[in-house]
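Data block below; observations after.
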Protein chains: 2
Amino acid sequence: MIDPDRFLSDLHALRQFGASGVGKGVVRPAYSDADVAAREWLATRIREAGLMPQCDPMGNLFGLRDGPSLLMGSHTDTQPEGGWLDGALGVIAALEIARSHAHVSFVSFQDEEGRFGALTGSSVFSGAISQDQADLMTAKDGTKLIDARQTLAAGTHIDPARFTGYIEMHIEQGPVLDAEGDRIGVVTDIVGSRQLEVTLTGQQNHAGTTPMHMRRDAFQALSAVNAALNDRFRNVVTPRTVWTIGHVTLHPNASSIVPGRVSFSVQWRDADTDRLALMEAIVRDTIAEIAAQTGMEVALHGLRALEPVAMDPTLRAALEAGAEAVSPGAWRLMPSGALHDATNVARVMPVAMLFVPSIGGISHDFAEDTAEADLVAGLRVLA
Amino acid sequence: MIDPDRFLSDLHALRQFGASGVGKGVVRPAYSDADVAAREWLATRIREAGLMPQCDPMGNLFGLRDGPSLLMGSHTDTQPEGGWLDGALGVIAALEIARSHAHVSFVSFQDEEGRFGALTGSSVFSGAISQDQADLMTAKDGTKLIDARQTLAAGTHIDPARFTGYIEMHIEQGPVLDAEGDRIGVVTDIVGSRQLEVTLTGQQNHAGTTPMHMRRDAFQALSAVNAALNDRFRNVVTPRTVWTIGHVTLHPNASSIVPGRVSFSVQWRDADTDRLALMEAIVRDTIAEIAAQTGMEVALHGLRALEPVAMDPTLRAALEAGAEAVSPGAWRLMPSGALHDATNVARVMPVAMLFVPSIGGISHDFAEDTAEADLVAGLRVLA
């Protein structure tokens with residue numbers, strides 16, 4: 001039997017490791033003292049629950065059952081200014097489920113939030129990258145992953161083949177459930193994303209003496225690219241598709257100088273690989289066209305592509321049945337717009353995911369929160 | 001009689017003070033050692049020409065005639081990476097004219113390029129600001145103007161009333177003459193400019209999990225403002241009107257985050273005060289409208305306004321006659337899009353200005369240059 005009070009109590013207990021000065025947020029980067037203390041506390045709880053705590057060399061913390069088992073979990077590391085539920089919820093829910101279910105194992109992946117790479121722990125676990133490749137990664141503060149992971153006791157490789165599947169519960173990190181009044185989201189796909197870095201070079205000029213018709217203004221070219229993309233994407237997207245120009249650097253970025261150069265990112269996400277490819281063609285064609293019209297030189301830097309991952313039909317159907325039982329009529333199927341460790345784990349076993357609402361859609365922020373009733377509803381669906 | 005060879009020789013001689021390492025540019029900020037040396041050299045040349053060299057407290061260097069005289073000159077200080085003609089041309093041309101014309105005095109204004117303020121020397125000379133106000137100005141390196149000007153010998157106030165007018169020759173610093181094949185520009189007006197700093201605040205969000213219809217994306221709002229301004233300005237501008245969004249800062253400026261805030265400048269320039277005011281109304285209305293449509297909070301920071309200055313009709317007519325005599329059919333009337341000391345001097349006497357072509361329109365750059373024949377043509381018109 002699951003115990004919702006014990007689950008909530010453990011969730012608040014984990015919050016103490018890395019609680020920030022303001023008492024609200026949680027600061028627990030991968031391999032930090034707070035992260036190590038949290039994992040030691042978790043290891044004790046795992047042992048009390050009757051599972052065998054074990055780290056792998058990367059620092060992923062498992063709670064193992066003998067024989068085949070279903071793996072549940074998430075991650076305990078946080079963003080530099082993280083909320084208290086991002087990762088922690090799925091970890092403590094998995095702990096509670098494992099206590100009462102003999103064939104459920106536990107995991108807290110390492111470096112999900114990307115202090116070193118991105119989803120680094122599950123990348124190594126699933127074989128997407130080797131430990132040697134991960135060891136070369138360096139944090140912004142110059143720390144190397146190979147040095148950081150020495151703070152944890154040496155671990156042994158855990159074979160993914162011992163698990164029959166992986167289920168992760170997570171906060172939505174978006175506004176859909178909260179805005180629509182649903183309490184549970186059953187994930188259909190983790191969307192893929194593609195991103196291009198673009199530099200357009202025109203001609204830097206005096207903003208007083210250069211007539212409009214003689215300018216090659218890089219900001220104007222960017223604005224034209226943006227307007228054309230918004231227009232052309234409308235014909236190919238679904239209501240779930242998103243695209244973002246989130247990074248813009250203008251040169252020389254002075255109010256009295258016609259900008260001669262702009263660098264910017266274009267990122268788009270969708271659950272369908274064909275649509276991602278179609279959007280990429282539109283991005284490339286649009287940039288080439290506008291650049292030709294506005295006299296810009298174009299430099300495109302390395303496409304970053306992550307393929308969409310569909311959830312396993314059998315596991316997903318079980319979550320749908322659980323959602324309808326716990327929260328009849330108040331749950332929905334939805335893609336995950338954010339990346340999760342499940343993307344990697346899907347390489348080596350069936351995976352599924354469950355979301356609970358984020359109040360106001362806020363995440364990666366101290367203000368991140370979820371109603372207690374929704375936390376417990378998620379636990380019940382998982383059970 | 002003017003001597004074009006002596007004029008060119010002096011122009012190259014001045015270039016030696018503050019010549020950069022690469023041998024091409026000139027680095028001579030206001031009150032720098034190079035600037036002081038250039039002014040000492042000029043004082044000697046002024047005395048040789050039969051004029052009385054004299055500094056005012058600000059460091060403006062005059063070459064005075066007894067009795068009423070027409071003032072000619074420009075400035076010898078440069079941008080941090082300046083070209084060799086910006087300011088220097090007008091100073092050396094004035095020296096050559098003063099040699100052969102008994103009623104012409106000479107001036108090289110101080111801090112035209114704005115190490116401390118903007119057009120600071122002519123601002124103090126014309127009474128636009130007091131010496132005490134100028135003394136409070138501080139350079140980016142922390143130097144105070146009151147300390148910097150101690151590097152020059154103490155000077156005495158020069159009364160503007162002793163001059164009957166002011167004529168300045170300058171390089172165009174823009175592409176019009178070079179592109180149109182004209183060799184002389186007679187300035188009609190120095191255009192005015194207005195500038196607003198704008199901050200739009202929307203909602204920072206996760207670029208994967210926030211659906212397009214729930215976003216309040218500050219970059220999208222900026223792009224919409226830009227497109228609307230381009231559209232609305234078309235109905236009110238002349239071919240000489242210019243407007244620029246030259247400074248953009250996005251927050252948090254990360255490719256996976258929907259931008260929550262953008263700060264940007266909007267600057268517009270025109271020779272007509274009514275048009276400047278009409279454009280300001282369009283800017284304010286457009287920002288308010290787009291902000292309301294896109295859910296942005298608006299903060300507008302201090303309007304910076306500089307009024308247009310019309311050139312004196314009599315002096316301008318004399319320059320037109322000179323241009324037609326020296327370069328028949330190959331000169332034009334044009335506004336000055338850049339600011340010049342003449343803007344300030346117009347407060348206290350009639351002013352006029354003359355332009356020669358900038359090759360490729362390049363200025364404020366080591367590559368700034370003008371054909372020798374055009375330099376001499378300008379000198380002849382001035383004579």
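Chain labels run A, B, ... following the order of the structure tokens; each chain numbers its residues from 1, and ligands are numbered from 1 in the order shown.
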Would you kindly return, as number ranges by chain, each protein, DNA or RNA residue with an atom no farther than 12 Å from any atom of range 283-297 of chain A, considering only C-alpha atoms and excluding same-chain residues fewer than 2 positions away?
-> A: 194-204, 212-233, 243-245, 259-268, 276-281, 299-301, 303
Would you return as a PDB file with C-alpha atoms, in the first residue's frame the members of range 30-213 of chain B that DSSP assigns to alpha helix (DSSP H) on this structure's backbone?
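Ended up saving to states_28.pdb:
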ATOM      1  CA  ASP B  33      49.192  63.529 -25.527  1.00  0.00           C
ATOM      2  CA  ALA B  34      48.685  63.261 -29.298  1.00  0.00           C
ATOM      3  CA  ASP B  35      45.928  65.882 -29.197  1.00  0.00           C
ATOM      4  CA  VAL B  36      48.070  68.274 -27.131  1.00  0.00           C
ATOM      5  CA  ALA B  37      51.015  67.817 -29.511  1.00  0.00           C
ATOM      6  CA  ALA B  38      48.767  68.415 -32.537  1.00  0.00           C
ATOM      7  CA  ARG B  39      47.471  71.649 -30.992  1.00  0.00           C
ATOM      8  CA  GLU B  40      51.002  72.860 -30.206  1.00  0.00           C
ATOM      9  CA  TRP B  41      52.005  72.206 -33.815  1.00  0.00           C
ATOM     10  CA  LEU B  42      48.866  74.024 -35.026  1.00  0.00           C
ATOM     11  CA  ALA B  43      49.603  77.012 -32.753  1.00  0.00           C
ATOM     12  CA  THR B  44      53.008  77.376 -34.474  1.00  0.00           C
ATOM     13  CA  ARG B  45      51.411  77.197 -37.936  1.00  0.00           C
ATOM     14  CA  ILE B  46      48.775  79.751 -36.886  1.00  0.00           C
ATOM     15  CA  ARG B  47      51.475  82.181 -35.752  1.00  0.00           C
ATOM     16  CA  GLU B  48      53.427  81.632 -39.010  1.00  0.00           C
ATOM     17  CA  ALA B  88      41.344  67.364 -39.581  1.00  0.00           C
ATOM     18  CA  LEU B  89      40.228  68.340 -43.098  1.00  0.00           C
ATOM     19  CA  GLY B  90      38.193  71.337 -41.921  1.00  0.00           C
ATOM     20  CA  VAL B  91      40.966  72.474 -39.573  1.00  0.00           C
ATOM     21  CA  ILE B  92      43.758  72.417 -42.167  1.00  0.00           C
ATOM     22  CA  ALA B  93      41.497  73.936 -44.858  1.00  0.00           C
ATOM     23  CA  ALA B  94      40.690  76.794 -42.445  1.00  0.00           C
ATOM     24  CA  LEU B  95      44.420  77.271 -41.786  1.00  0.00           C
ATOM     25  CA  GLU B  96      45.127  77.535 -45.535  1.00  0.00           C
ATOM     26  CA  ILE B  97      42.228  79.952 -46.129  1.00  0.00           C
ATOM     27  CA  ALA B  98      43.269  82.110 -43.144  1.00  0.00           C
ATOM     28  CA  ARG B  99      46.789  82.408 -44.566  1.00  0.00           C
ATOM     29  CA  SER B 100      45.496  84.228 -47.631  1.00  0.00           C
ATOM     30  CA  THR B 120      31.582  69.610 -25.807  1.00  0.00           C
ATOM     31  CA  GLY B 121      33.973  72.367 -26.910  1.00  0.00           C
ATOM     32  CA  SER B 122      31.471  74.135 -29.168  1.00  0.00           C
ATOM     33  CA  SER B 123      28.758  73.645 -26.523  1.00  0.00           C
ATOM     34  CA  VAL B 124      30.790  75.686 -24.033  1.00  0.00           C
ATOM     35  CA  PHE B 125      31.912  78.252 -26.650  1.00  0.00           C
ATOM     36  CA  GLN B 131      32.332  75.371 -18.315  1.00  0.00           C
ATOM     37  CA  ASP B 132      31.248  74.226 -14.839  1.00  0.00           C
ATOM     38  CA  GLN B 133      28.737  71.827 -16.373  1.00  0.00           C
ATOM     39  CA  ALA B 134      31.326  70.500 -18.815  1.00  0.00           C
ATOM     40  CA  ASP B 135      33.827  70.027 -16.007  1.00  0.00           C
ATOM     41  CA  LEU B 145      37.057  66.706 -17.989  1.00  0.00           C
ATOM     42  CA  ILE B 146      38.166  69.237 -15.363  1.00  0.00           C
ATOM     43  CA  ASP B 147      41.349  67.186 -14.832  1.00  0.00           C
ATOM     44  CA  ALA B 148      41.898  66.373 -18.520  1.00  0.00           C
ATOM     45  CA  VAL B 176      25.561  60.000 -51.075  1.00  0.00           C
ATOM     46  CA  LEU B 177      28.209  62.133 -52.847  1.00  0.00           C
ATOM     47  CA  ASP B 178      30.386  59.125 -53.663  1.00  0.00           C
ATOM     48  CA  ALA B 179      27.436  57.094 -54.970  1.00  0.00           C
ATOM     49  CA  GLU B 180      25.973  59.975 -57.020  1.00  0.00           C
TER      50      GLU B 180
END
Proximity to Arg240 in chain B - best of B:Gly192, B:Pro80, B:Gly360, B:Pro57, only C-alpha atoms |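 Of all the options, B:Gly192 lies closest to Arg240 in chain B.
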Interatomic distance (Å, one decimal) between CA of Asp77 in chain A and CA of Trp331 in chain A |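 Computing it gives 28.2 Å between the two atoms.
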Interface, chain A side, toward chain B (6 Å; only C-alpha atoms) as a count of residues only | 18
How many Å separate CA of His340 in chain A from CA of Gln79 in chain A?
->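 Distance reported for this atom pair: 13.7 Å.
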Rounded to one decimal in Å, what is the spacing between CA of Pro350 in chain B and CA of Met311 in chain B?
->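 Distance reported for this atom pair: 7.4 Å.
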Taking into account only C-alpha atoms, which residue in the set A:Leu64, A:Ala325, A:Val27, A:Ile282 is nearest to Thr78 in chain A?
->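 Checking each of A:Leu64, A:Ala325, A:Val27, A:Ile282 against Thr78 in chain A, counting only C-alpha atoms, the winner is A:Val27.
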Considering only C-alpha atoms, state which residue in the set B:Pro68, B:Pro160, B:Gly329, B:Gly181 is at the smallest distance from Ser126 in chain B.
->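 Of the candidates, the smallest distance to Ser126 in chain B is held by B:Pro160.
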Taking the DSSP assignment computed from this structure's backbone, write out as number ranges by chain all residues of range 82-128 of chain A that belong to strand (DSSP E or B).
-> A: 82, 104-109
Spatial neighbours of Val351 in chain B, max dist 6 Å, only C-alpha atoms, sep filter under 6 positions, as a list in words |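 Surrounding residues, per the criterion: Gly165, Tyr166, Ile167, Met311 and Asp312 of chain B.
If you measure from each of B:Asp5, B:Thr151, B:Glu368, B:Leu136 to Gly87 in chain B using only C-alpha atoms, the closest one turns out to be B:Glu368.
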Skip Ala371 in chain B itself and residues of its chain fewer than 2 positions away, then list as a ChimeraX atom specification all residues within 12 Å of it, counting only C-alpha atoms.
-> /B:8,85,171,178,183,356-360,368-369,373-378
Just-selected residues, all heavy atoms written as a CSV table (one decimal), in the first residue's frame:
chain,number,residue,atom,x,y,z
B,8,LEU,N,47.8,70.2,-48.7
B,8,LEU,CA,47.9,68.7,-48.6
B,8,LEU,C,49.0,68.3,-47.7
B,8,LEU,O,48.9,67.3,-47.0
B,8,LEU,CB,48.0,68.1,-50.0
B,8,LEU,CG,46.8,68.2,-50.9
B,8,LEU,CD1,47.1,67.8,-52.4
B,8,LEU,CD2,45.6,67.4,-50.4
B,85,LEU,N,40.6,62.1,-41.8
B,85,LEU,CA,40.1,63.3,-42.3
B,85,LEU,C,38.9,63.9,-41.5
B,85,LEU,O,38.6,65.1,-41.6
B,85,LEU,CB,39.5,63.1,-43.7
B,85,LEU,CG,40.6,62.8,-44.8
B,85,LEU,CD1,40.0,62.3,-46.1
B,85,LEU,CD2,41.5,64.0,-45.0
B,171,ILE,N,34.3,66.1,-44.2
B,171,ILE,CA,34.0,64.9,-45.1
B,171,ILE,C,32.5,64.6,-44.8
B,171,ILE,O,32.0,64.8,-43.7
B,171,ILE,CB,34.9,63.7,-44.8
B,171,ILE,CG1,34.8,63.3,-43.3
B,171,ILE,CG2,36.3,64.0,-45.3
B,171,ILE,CD1,35.4,61.9,-43.0
B,178,ASP,N,29.6,60.1,-53.0
B,178,ASP,CA,30.4,59.1,-53.7
B,178,ASP,C,29.5,58.3,-54.6
B,178,ASP,O,29.9,58.1,-55.8
B,178,ASP,CB,31.1,58.2,-52.6
B,178,ASP,CG,32.0,57.3,-53.2
B,178,ASP,OD1,32.9,57.7,-54.0
B,178,ASP,OD2,32.0,56.0,-53.0
B,183,ARG,N,31.0,66.0,-56.4
B,183,ARG,CA,32.3,66.3,-55.7
B,183,ARG,C,32.1,67.2,-54.5
B,183,ARG,O,33.0,67.3,-53.7
B,183,ARG,CB,33.3,66.8,-56.7
B,183,ARG,CG,33.5,65.8,-57.8
B,183,ARG,CD,34.4,66.2,-58.9
B,183,ARG,NE,35.8,66.3,-58.3
B,183,ARG,CZ,36.8,66.7,-59.0
B,183,ARG,NH1,36.7,67.1,-60.3
B,183,ARG,NH2,38.0,66.8,-58.5
B,356,VAL,N,32.8,67.2,-48.7
B,356,VAL,CA,33.4,66.5,-49.8
B,356,VAL,C,33.1,65.0,-49.6
B,356,VAL,O,32.8,64.5,-48.5
B,356,VAL,CB,35.0,66.8,-49.8
B,356,VAL,CG1,35.2,68.2,-50.2
B,356,VAL,CG2,35.6,66.3,-48.6
B,357,PRO,N,33.3,64.2,-50.7
B,357,PRO,CA,32.8,62.8,-50.7
B,357,PRO,C,33.7,62.0,-49.7
B,357,PRO,O,34.9,62.2,-49.6
B,357,PRO,CB,33.0,62.3,-52.1
B,357,PRO,CG,33.1,63.6,-52.9
B,357,PRO,CD,33.7,64.6,-52.1
B,358,SER,N,33.1,61.0,-49.1
B,358,SER,CA,33.8,59.9,-48.4
B,358,SER,C,33.8,58.7,-49.3
B,358,SER,O,32.7,58.2,-49.7
B,358,SER,CB,33.1,59.6,-47.1
B,358,SER,OG,33.2,60.7,-46.2
B,359,ILE,N,34.9,58.2,-49.6
B,359,ILE,CA,35.0,57.0,-50.5
B,359,ILE,C,34.2,55.8,-49.8
B,359,ILE,O,34.5,55.4,-48.7
B,359,ILE,CB,36.4,56.6,-50.8
B,359,ILE,CG1,37.1,57.7,-51.6
B,359,ILE,CG2,36.5,55.3,-51.6
B,359,ILE,CD1,38.6,57.5,-51.8
B,360,GLY,N,33.2,55.3,-50.5
B,360,GLY,CA,32.4,54.2,-50.0
B,360,GLY,C,31.5,54.6,-48.8
B,360,GLY,O,30.9,53.8,-48.2
B,368,GLU,N,38.6,55.3,-43.6
B,368,GLU,CA,38.1,56.6,-44.1
B,368,GLU,C,39.1,57.2,-45.1
B,368,GLU,O,40.2,57.4,-44.7
B,368,GLU,CB,37.8,57.4,-42.9
B,368,GLU,CG,37.5,58.9,-43.2
B,368,GLU,CD,37.5,59.7,-41.9
B,368,GLU,OE1,36.5,59.5,-41.1
B,368,GLU,OE2,38.5,60.4,-41.6
B,369,ASP,N,38.6,57.7,-46.3
B,369,ASP,CA,39.4,58.4,-47.2
B,369,ASP,C,38.6,59.2,-48.2
B,369,ASP,O,37.4,59.0,-48.3
B,369,ASP,CB,40.3,57.4,-47.9
B,369,ASP,CG,41.7,58.0,-48.3
B,369,ASP,OD1,41.9,59.2,-48.1
B,369,ASP,OD2,42.5,57.3,-48.9
B,373,ALA,N,41.8,65.0,-55.3
B,373,ALA,CA,41.2,66.0,-56.1
B,373,ALA,C,40.0,66.6,-55.4
B,373,ALA,O,39.7,67.8,-55.5
B,373,ALA,CB,40.8,65.5,-57.5
B,374,ASP,N,39.3,65.8,-54.7
B,374,ASP,CA,38.1,66.2,-54.0
B,374,ASP,C,38.4,67.1,-52.8
B,374,ASP,O,37.7,68.1,-52.4
B,374,ASP,CB,37.2,65.1,-53.6
B,374,ASP,CG,36.5,64.3,-54.7
B,374,ASP,OD1,36.4,65.0,-55.8
B,374,ASP,OD2,36.2,63.2,-54.6
B,375,LEU,N,39.5,66.7,-52.1
B,375,LEU,CA,40.0,67.6,-51.0
B,375,LEU,C,40.3,69.0,-51.5
B,375,LEU,O,39.9,70.0,-50.9
B,375,LEU,CB,41.3,66.9,-50.3
B,375,LEU,CG,41.1,65.5,-49.7
B,375,LEU,CD1,42.4,65.0,-49.3
B,375,LEU,CD2,40.1,65.6,-48.5
B,376,VAL,N,41.0,69.0,-52.6
B,376,VAL,CA,41.4,70.3,-53.1
B,376,VAL,C,40.2,71.1,-53.7
B,376,VAL,O,40.1,72.3,-53.5
B,376,VAL,CB,42.5,70.1,-54.2
B,376,VAL,CG1,42.8,71.5,-54.9
B,376,VAL,CG2,43.8,69.6,-53.6
B,377,ALA,N,39.2,70.4,-54.3
B,377,ALA,CA,38.0,71.0,-54.8
B,377,ALA,C,37.3,71.7,-53.6
B,377,ALA,O,36.8,72.9,-53.7
B,377,ALA,CB,37.1,70.0,-55.5
B,378,GLY,N,37.2,71.0,-52.5
B,378,GLY,CA,36.6,71.6,-51.3
B,378,GLY,C,37.3,72.8,-50.8
B,378,GLY,O,36.7,73.8,-50.5
Go through B:Val381, B:Ser108, B:Glu372, B:Met349 and flag the residue nearest Phe7 in chain B, using only C-alpha atoms for the distances.
->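 Closest residue, counting only C-alpha atoms: B:Glu372.
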Taking 4 positions as the minimum chain separation for residues in the same chain, which residues sit within 12 Å of Arg162 in chain B when counting only C-alpha atoms? Answer as an mmCIF file with N, CA, C and O atoms, in the first residue's frame.
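As a result, selection36.cif now contains:
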data_model
loop_
_atom_site.group_PDB
_atom_site.id
_atom_site.type_symbol
_atom_site.label_atom_id
_atom_site.label_comp_id
_atom_site.auth_asym_id
_atom_site.auth_seq_id
_atom_site.Cartn_x
_atom_site.Cartn_y
_atom_site.Cartn_z
ATOM 1 N N LEU B 64 43.341 84.003 -34.093
ATOM 2 C CA LEU B 64 42.492 85.208 -34.126
ATOM 3 C C LEU B 64 43.065 86.308 -35.008
ATOM 4 O O LEU B 64 44.285 86.492 -35.112
ATOM 5 N N ARG B 65 42.152 87.059 -35.654
ATOM 6 C CA ARG B 65 42.443 88.302 -36.359
ATOM 7 C C ARG B 65 41.956 89.447 -35.479
ATOM 8 O O ARG B 65 40.959 89.298 -34.764
ATOM 9 N N ASP B 66 42.625 90.569 -35.581
ATOM 10 C CA ASP B 66 42.078 91.765 -34.940
ATOM 11 C C ASP B 66 40.807 92.170 -35.683
ATOM 12 O O ASP B 66 40.730 92.040 -36.906
ATOM 13 N N GLY B 67 39.835 92.650 -34.943
ATOM 14 C CA GLY B 67 38.615 93.137 -35.563
ATOM 15 C C GLY B 67 37.690 92.015 -35.985
ATOM 16 O O GLY B 67 38.013 90.837 -35.819
ATOM 17 N N PRO B 68 36.524 92.366 -36.552
ATOM 18 C CA PRO B 68 35.545 91.353 -36.957
ATOM 19 C C PRO B 68 36.127 90.425 -38.024
ATOM 20 O O PRO B 68 36.870 90.880 -38.901
ATOM 21 N N SER B 69 35.803 89.125 -37.925
ATOM 22 C CA SER B 69 36.290 88.174 -38.928
ATOM 23 C C SER B 69 35.312 87.017 -39.045
ATOM 24 O O SER B 69 34.467 86.792 -38.173
ATOM 25 N N LEU B 70 35.437 86.317 -40.155
ATOM 26 C CA LEU B 70 34.654 85.102 -40.383
ATOM 27 C C LEU B 70 35.446 83.929 -39.802
ATOM 28 O O LEU B 70 36.622 83.763 -40.106
ATOM 29 N N LEU B 71 34.785 83.110 -38.971
ATOM 30 C CA LEU B 71 35.467 81.974 -38.337
ATOM 31 C C LEU B 71 35.353 80.740 -39.231
ATOM 32 O O LEU B 71 34.282 80.460 -39.773
ATOM 33 N N HIS B 103 40.462 88.497 -43.310
ATOM 34 C CA HIS B 103 39.346 88.603 -42.372
ATOM 35 C C HIS B 103 38.800 87.234 -41.986
ATOM 36 O O HIS B 103 37.616 87.096 -41.702
ATOM 37 N N VAL B 104 39.668 86.240 -42.022
ATOM 38 C CA VAL B 104 39.259 84.882 -41.623
ATOM 39 C C VAL B 104 40.044 84.464 -40.385
ATOM 40 O O VAL B 104 41.280 84.506 -40.384
ATOM 41 N N SER B 105 39.327 84.084 -39.340
ATOM 42 C CA SER B 105 39.939 83.494 -38.148
ATOM 43 C C SER B 105 39.800 81.978 -38.190
ATOM 44 O O SER B 105 39.063 81.411 -39.016
ATOM 45 N N HIS B 157 38.554 83.298 -22.069
ATOM 46 C CA HIS B 157 37.294 83.219 -22.807
ATOM 47 C C HIS B 157 37.384 84.007 -24.112
ATOM 48 O O HIS B 157 37.924 85.107 -24.158
ATOM 49 N N ILE B 158 36.865 83.424 -25.189
ATOM 50 C CA ILE B 158 36.810 84.099 -26.489
ATOM 51 C C ILE B 158 35.354 84.489 -26.733
ATOM 52 O O ILE B 158 34.466 83.628 -26.692
ATOM 53 N N TYR B 166 30.347 81.465 -39.228
ATOM 54 C CA TYR B 166 31.193 80.280 -39.096
ATOM 55 C C TYR B 166 30.941 79.370 -40.289
ATOM 56 O O TYR B 166 29.792 79.072 -40.635
ATOM 57 N N VAL B 348 24.949 81.325 -31.879
ATOM 58 C CA VAL B 348 25.537 82.646 -31.638
ATOM 59 C C VAL B 348 25.980 83.385 -32.901
ATOM 60 O O VAL B 348 26.438 84.526 -32.816
ATOM 61 N N MET B 349 25.858 82.754 -34.075
ATOM 62 C CA MET B 349 26.222 83.462 -35.313
ATOM 63 C C MET B 349 25.694 82.653 -36.514
ATOM 64 O O MET B 349 25.324 81.487 -36.366
#
